[in-house]
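Student: Pasting protein.txt below, which is compact mmCIF, C-alpha atoms.
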# COMPACT_ATOMS: atom_id res chain seq x y z
CA MET A 1 -0.89 18.91 20.19
CA ALA A 2 -0.21 22.57 21.04
CA ALA A 3 3.47 22.21 20.13
CA ALA A 4 2.57 20.54 16.85
CA ALA A 5 0.09 23.27 15.98
CA ALA A 6 2.64 25.96 16.68
CA HIS A 7 5.20 24.22 14.41
CA GLY A 8 7.99 25.27 16.71
CA GLY A 9 11.48 24.59 15.42
CA ASP A 10 12.42 22.44 18.41
CA TYR A 11 9.30 20.33 18.01
CA LEU A 12 9.76 19.83 14.26
CA ARG A 13 13.41 18.93 14.84
CA ARG A 14 12.17 15.76 16.53
CA PHE A 15 10.75 14.53 13.22
CA VAL A 16 14.01 15.28 11.45
CA ALA A 17 16.01 13.50 14.16
CA GLU A 18 13.71 10.50 13.85
CA THR A 19 14.19 10.16 10.08
CA GLU A 20 17.93 10.78 10.43
CA TRP A 21 17.99 7.84 12.83
CA TYR A 22 16.10 5.67 10.32
CA ASN A 23 18.57 6.69 7.62
CA GLU A 24 21.56 5.87 9.84
CA ILE A 25 20.25 2.40 10.68
CA VAL A 26 19.35 1.41 7.11
CA LEU A 27 21.99 3.10 4.98
CA SER A 28 24.92 2.27 7.26
CA ALA A 29 23.85 -1.38 6.97
CA VAL A 30 23.53 -1.55 3.19
CA ALA A 31 25.72 1.21 1.69
CA PRO A 32 29.48 0.67 1.67
CA GLY A 33 31.51 3.54 3.09
CA ASP A 34 30.28 6.94 4.21
CA TRP A 35 29.68 8.56 0.81
CA TRP A 36 25.93 8.75 1.44
CA ARG A 37 26.34 10.95 4.55
CA GLY A 38 27.15 13.97 2.39
CA LEU A 39 23.90 13.69 0.43
CA PRO A 40 20.95 15.99 1.22
CA HIS A 41 18.61 14.67 3.90
CA PRO A 42 15.65 14.10 1.50
CA VAL A 43 17.88 12.04 -0.81
CA GLN A 44 19.06 9.92 2.11
CA SER A 45 15.44 9.41 3.16
CA TRP A 46 14.45 8.40 -0.38
CA MET A 47 17.30 5.87 -0.52
CA ARG A 48 16.25 4.44 2.85
CA ASN A 49 12.64 4.21 1.70
CA CYS A 50 13.75 2.40 -1.46
CA VAL A 51 15.67 -0.16 0.59
CA GLY A 52 12.65 -0.65 2.85
CA GLY A 53 10.25 -0.92 -0.08
CA TYR A 54 12.33 -3.51 -1.93
CA LEU A 55 12.88 -5.55 1.24
CA LEU A 56 9.19 -5.60 2.13
CA TYR A 57 8.16 -6.47 -1.42
CA PHE A 58 10.59 -9.32 -1.90
CA ILE A 59 10.44 -10.76 1.62
CA SER A 60 6.64 -10.75 1.80
CA GLY A 61 6.29 -11.92 -1.81
CA PHE A 62 8.77 -14.80 -1.65
CA LEU A 63 7.61 -15.97 1.78
CA TRP A 64 3.98 -15.99 0.78
CA CYS A 65 4.68 -17.70 -2.56
CA PHE A 66 6.71 -20.34 -0.72
CA VAL A 67 3.82 -21.01 1.65
CA ILE A 68 0.97 -21.19 -0.87
CA TYR A 69 2.74 -22.61 -3.93
CA TYR A 70 5.27 -24.99 -2.37
CA TRP A 71 4.92 -25.71 1.36
CA LYS A 72 1.10 -25.91 1.27
CA ARG A 73 0.96 -26.70 -2.43
CA HIS A 74 -2.63 -27.27 -3.66
CA ALA A 75 -4.01 -26.76 -0.13
CA TYR A 76 -5.33 -23.30 -0.97
CA ILE A 77 -5.08 -23.01 -4.75
CA PRO A 78 -5.91 -25.61 -7.45
CA LYS A 79 -3.00 -26.77 -9.56
CA ASP A 80 -4.31 -25.04 -12.69
CA ALA A 81 -4.61 -21.71 -10.84
CA ILE A 82 -0.94 -21.46 -9.84
CA PRO A 83 0.80 -18.73 -11.88
CA THR A 84 3.83 -19.62 -13.95
CA ASN A 85 7.31 -18.57 -12.91
CA GLU A 86 7.44 -16.46 -16.08
CA ALA A 87 4.32 -14.52 -15.06
CA MET A 88 5.76 -13.84 -11.62
CA LYS A 89 9.09 -12.73 -13.10
CA LYS A 90 7.29 -10.17 -15.28
CA GLN A 91 5.41 -8.85 -12.25
CA ILE A 92 8.67 -8.53 -10.31
CA VAL A 93 10.26 -6.57 -13.17
CA VAL A 94 7.32 -4.13 -13.38
CA ALA A 95 7.25 -3.60 -9.61
CA SER A 96 11.04 -3.27 -9.34
CA LYS A 97 11.14 -0.57 -12.01
CA ALA A 98 8.33 1.34 -10.30
CA MET A 99 9.64 1.06 -6.72
CA PRO A 100 11.99 4.11 -6.80
CA PHE A 101 9.03 6.23 -7.94
CA TYR A 102 6.71 4.76 -5.29
CA CYS A 103 9.25 5.61 -2.60
CA ALA A 104 9.20 9.28 -3.57
CA LEU A 105 5.75 9.48 -1.90
CA PRO A 106 6.77 8.58 1.68
CA THR A 107 9.85 10.76 1.21
CA LEU A 108 7.64 13.69 0.23
CA SER A 109 5.31 13.08 3.17
CA GLU A 110 8.28 13.03 5.56
CA CYS A 111 9.55 16.34 4.16
CA MET A 112 6.14 17.97 4.59
CA ILE A 113 5.88 16.65 8.16
CA GLU A 114 9.38 17.88 8.99
CA SER A 115 8.49 21.30 7.59
CA GLY A 116 5.39 21.59 9.78
CA TRP A 117 2.87 21.60 6.93
CA THR A 118 0.75 18.70 8.25
CA ARG A 119 -1.19 17.81 11.38
CA CYS A 120 1.25 15.09 12.39
CA TYR A 121 2.23 14.75 16.02
CA PHE A 122 5.23 12.96 17.46
CA ASN A 123 4.14 11.15 20.66
CA ILE A 124 0.84 9.46 21.44
CA SER A 125 1.10 10.88 24.97
CA GLU A 126 0.49 14.35 23.50
CA ILE A 127 -3.18 13.52 22.86
CA GLY A 128 -3.81 10.36 24.91
CA PHE A 129 -4.41 6.81 23.70
CA SER A 130 -8.20 7.15 23.35
CA MET A 131 -7.87 10.14 21.01
CA TYR A 132 -5.08 8.35 19.15
CA LEU A 133 -7.57 5.58 18.38
CA VAL A 134 -10.26 8.08 17.34
CA TYR A 135 -7.92 9.95 15.01
CA MET A 136 -6.55 6.71 13.62
CA ALA A 137 -10.08 5.53 12.82
CA LEU A 138 -10.75 8.83 11.02
CA TYR A 139 -7.46 8.51 9.14
CA LEU A 140 -8.30 4.98 7.98
CA ILE A 141 -11.83 5.97 6.95
CA PHE A 142 -10.47 8.86 4.91
CA VAL A 143 -7.83 6.63 3.30
CA GLU A 144 -10.40 3.93 2.52
CA PHE A 145 -12.72 6.51 0.93
CA GLY A 146 -9.86 8.12 -1.01
CA ILE A 147 -8.41 4.88 -2.35
CA TYR A 148 -11.86 3.61 -3.34
CA TRP A 149 -12.61 6.68 -5.46
CA MET A 150 -9.10 6.98 -6.84
CA HIS A 151 -9.20 3.33 -7.90
CA ARG A 152 -12.69 3.68 -9.34
CA GLU A 153 -11.77 6.76 -11.38
CA LEU A 154 -8.70 4.95 -12.73
CA HIS A 155 -11.23 2.59 -14.28
CA ASP A 156 -13.96 5.08 -15.24
CA ILE A 157 -11.73 7.73 -16.85
CA LYS A 158 -10.68 5.90 -20.00
CA PRO A 159 -7.34 7.68 -20.67
CA LEU A 160 -6.25 6.98 -17.07
CA TYR A 161 -7.15 3.33 -17.47
CA LYS A 162 -5.51 2.99 -20.87
CA HIS A 163 -2.25 4.71 -20.02
CA LEU A 164 -1.90 3.86 -16.31
CA HIS A 165 -4.11 1.23 -14.72
CA ALA A 166 -4.17 -1.21 -17.63
CA THR A 167 -0.58 -2.13 -16.77
CA HIS A 168 -1.86 -3.79 -13.61
CA HIS A 169 -4.94 -5.38 -15.18
CA ILE A 170 -3.08 -7.55 -17.64
CA TYR A 171 -3.19 -9.91 -14.64
CA ASN A 172 -6.87 -10.81 -14.96
CA LYS A 173 -7.10 -14.53 -14.22
CA GLU A 174 -6.28 -16.63 -11.18
CA ASN A 175 -3.36 -18.26 -12.97
CA THR A 176 -1.79 -14.88 -13.70
CA LEU A 177 -2.34 -13.27 -10.29
CA SER A 178 0.28 -13.78 -7.59
CA PRO A 179 1.56 -11.97 -4.49
CA PHE A 180 4.12 -10.28 -6.75
CA ALA A 181 1.31 -8.64 -8.75
CA GLY A 182 0.49 -6.51 -5.71
CA LEU A 183 2.90 -3.72 -6.67
CA ALA A 184 3.09 -4.35 -10.41
CA PHE A 185 1.66 -0.97 -11.46
CA HIS A 186 2.59 1.92 -13.66
CA PRO A 187 4.57 4.15 -11.24
CA LEU A 188 2.06 7.01 -11.38
CA ASP A 189 -0.83 4.61 -10.85
CA GLY A 190 0.78 3.25 -7.68
CA ILE A 191 1.44 6.75 -6.37
CA LEU A 192 -2.12 7.93 -7.08
CA GLN A 193 -3.62 5.00 -5.21
CA ALA A 194 -1.40 5.60 -2.17
CA ILE A 195 -1.70 9.40 -2.11
CA PRO A 196 -4.80 9.45 0.16
CA HIS A 197 -2.37 8.47 2.94
CA VAL A 198 -0.61 11.80 2.38
CA PHE A 199 -3.77 13.90 1.94
CA ALA A 200 -5.03 12.53 5.26
CA LEU A 201 -2.10 14.21 7.04
CA PHE A 202 -3.62 17.62 6.29
CA ILE A 203 -7.03 16.63 7.69
CA CYS A 204 -6.52 14.20 10.58
CA PRO A 205 -4.05 14.58 13.43
CA THR A 206 -1.80 11.59 12.73
CA HIS A 207 0.90 9.85 14.72
CA PHE A 208 4.13 10.07 12.71
CA ARG A 209 5.40 6.52 13.21
CA THR A 210 1.94 5.07 12.59
CA HIS A 211 1.69 6.95 9.30
CA ILE A 212 5.07 5.66 8.11
CA ALA A 213 4.19 2.11 9.17
CA LEU A 214 0.83 2.19 7.38
CA LEU A 215 2.40 3.47 4.17
CA PHE A 216 4.88 0.61 4.07
CA LEU A 217 2.36 -1.99 5.21
CA GLU A 218 0.64 -1.29 1.89
CA ALA A 219 3.30 -3.53 0.33
CA VAL A 220 2.32 -6.38 2.64
CA TRP A 221 -1.42 -5.80 2.19
CA THR A 222 -1.26 -5.75 -1.60
CA THR A 223 0.71 -9.00 -1.48
CA ASN A 224 -2.13 -10.55 0.46
CA ILE A 225 -5.03 -9.42 -1.72
CA HIS A 226 -3.45 -10.76 -4.92
CA ASP A 227 -2.95 -14.35 -3.74
CA CYS A 228 -6.49 -15.45 -4.83
CA ILE A 229 -7.21 -17.06 -1.43
CA HIS A 230 -10.59 -16.06 -0.03
CA GLY A 231 -10.07 -15.63 3.71
CA LYS A 232 -13.76 -14.99 4.54
CA ILE A 233 -13.06 -12.46 7.31
CA TRP A 234 -15.89 -9.90 7.30
CA PRO A 235 -15.63 -6.98 6.49
CA VAL A 236 -12.10 -7.34 5.12
CA MET A 237 -11.63 -6.79 1.37
CA GLY A 238 -9.55 -9.92 1.01
CA ALA A 239 -8.24 -11.69 -2.05
CA GLY A 240 -11.57 -13.37 -2.81
CA TYR A 241 -13.11 -9.95 -3.41
CA HIS A 242 -10.10 -8.51 -5.18
CA THR A 243 -9.85 -11.48 -7.56
CA ILE A 244 -13.40 -10.62 -8.68
CA HIS A 245 -12.22 -7.07 -9.34
CA HIS A 246 -9.51 -8.40 -11.64
CA THR A 247 -12.02 -10.47 -13.59
CA THR A 248 -15.07 -8.15 -13.82
CA TYR A 249 -13.24 -4.77 -13.71
CA ARG A 250 -16.42 -3.10 -12.34
CA HIS A 251 -16.65 -4.34 -8.77
CA ASN A 252 -14.78 -4.34 -5.45
CA TYR A 253 -12.67 -1.21 -5.78
CA GLY A 254 -12.14 -0.99 -2.01
CA HIS A 255 -8.88 -1.47 -0.23
CA TYR A 256 -9.04 -2.69 3.35
CA THR A 257 -12.80 -3.28 3.72
CA ILE A 258 -15.93 -3.89 1.67
CA TRP A 259 -17.79 -0.92 3.17
CA MET A 260 -17.16 1.64 0.42
CA ASP A 261 -18.24 -0.83 -2.27
CA TRP A 262 -21.34 -1.62 -0.22
CA MET A 263 -22.14 2.09 0.22
CA PHE A 264 -21.64 2.97 -3.47
CA GLY A 265 -23.21 -0.14 -5.02
CA THR A 266 -20.13 -1.85 -6.47
CA LEU A 267 -19.81 -4.78 -4.06
CA ARG A 268 -19.82 -8.30 -5.46
CA GLU A 269 -19.48 -11.21 -3.07
CA PRO A 270 -17.23 -14.20 -3.86
CA GLU A 271 -20.17 -16.43 -2.93
CA ASP A 272 -22.17 -14.88 -5.78
CA ILE A 273 -19.55 -16.09 -8.23
CA LEU A 274 -19.54 -19.57 -6.74
CA LYS A 275 -23.34 -19.82 -7.03
CA LYS A 276 -23.18 -19.02 -10.75
CA ALA A 277 -20.26 -21.38 -11.41
Please render this file's structure as structure tokens.
Tutor:
Amino acid sequence: MAAAAAHGGDYLRRFVAETEWYNEIVLSAVAPGDWWRGLPHPVQSWMRNCVGGYLLYFISGFLWCFVIYYWKRHAYIPKDAIPTNEAMKKQIVVASKAMPFYCALPTLSECMIESGWTRCYFNISEIGFSMYLVYMALYLIFVEFGIYWMHRELHDIKPLYKHLHATHHIYNKENTLSPFAGLAFHPLDGILQAIPHVFALFICPTHFRTHIALLFLEAVWTTNIHDCIHGKIWPVMGAGYHTIHHTTYRHNYGHYTIWMDWMFGTLREPEDILKKA
């Protein structure tokens, strides 16, 4: 950690070399020719993040839709709760338009890390595996807290809800929610809800590759919590909880777990809904 704290040029160069390697792998595979090599490094990184974001969104979305709507049709979701193809197409359009804006956030975080502005470190061996786990737990707690309150304020502050978050909440019934709704946000809304991942870099010593992986795993996680299937894995804030959020608007603001909703009095259990049905 001493090298990271000192922000030495040689140490920071390792982060740049890492992202240059990512760019080489991705862009050389998808971009014809070498025209992209002359672009500034941040632009290359943004293009690579866009490719990664689209791939994760479409692969996870189509695979999960295939499993729950076709391969295991009616095993998890009643026939009348399956969203129409038209609803899913609209969600894909909204998410696809927003994706280039979403991908500006990981690009910005990479630039700040490469400039030495954060508490990111390069190798786990620099702090040891036990401290890696401690810092990762602190990172996740901070992110959970930040996303909870960001999400809650997007509901409580009426102009934010009207102009940003309402775009996502037009999907408010089981037959309109699908894995593709997971990233169907106003671009600024999506960025605001993911920004605790970036703020955490200034507070918690964070492993660089783990940070990048967690940012992009958001696409997979949001796919999961919009499929309306209640997994019943405590204390995970699964789709059963998040479906309630889309129908009551006042409960279950949390992201990965139910703990923040439990602490701040906004938790509503899926079983409570079933008892009243």
Student: Could you check how far CA of Ile59 in chain A sits from CA of Lys232 in chain A, in Å to one decimal?
Tutor: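 Between these atoms lies a distance of 24.7 Å.
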Student: Counting all atoms listed in the file, find the residues whose atoms lie at most 10 Å from (-0.1, 9.8, -9.1) (file coordinates) and write them out as a VMD selection string.
Tutor: chain A and resid 101 to 102 105 150 164 186 to 195
Student: With all atoms listed in the file as the atoms that count, which of A:Gly254, A:Ala98, A:Asn172, A:Cys65 lies nearest to Asn85 in chain A?
Tutor: A:Cys65
Student: Residues proximal to (7.9, 15.7, 8.6) were defined as those with any atom within 12 Å of that point in the file's coordinates, counting all atoms listed in the file. Which are they, as a VMD selection string?
Tutor: chain A and resid 4 7 9 11 to 20 41 to 42 45 106 to 122 198 201 to 202 206 to 209 211 to 212
Student: State, in Å with one decimal place, the distance from CA of Asn23 in chain A to CA of Pro100 in chain A.
Tutor: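 Pair CA of Asn23 in chain A / CA of Pro100 in chain A returns 16.1 Å.
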Student: Quick one: of A:Ala166, A:Leu183, A:Val26, A:Ala239, who's nearest to Val93 in chain A, counting all atoms listed in the file?
Tutor: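 Result for the nearest residue to Val93 in chain A: A:Leu183.
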Student: With all atoms listed in the file as the counted atoms, please give the residues lying no more than 9 Å from Ala184 in chain A, apart from itself and same-chain residues fewer than 4 positions off, as a VMD selection string.
Tutor: chain A and resid 90 to 96 98 167 to 168 180 190
Student: Find the spatial neighbours of Ser60 in chain A, counting all atoms listed in the file, within a cut-off of 9 Å - ignore same-chain residues fewer than 5 positions away - and output them as a PyMOL selection string.
Tutor: chain A and resi 55+65+179-180+219-220+223-224
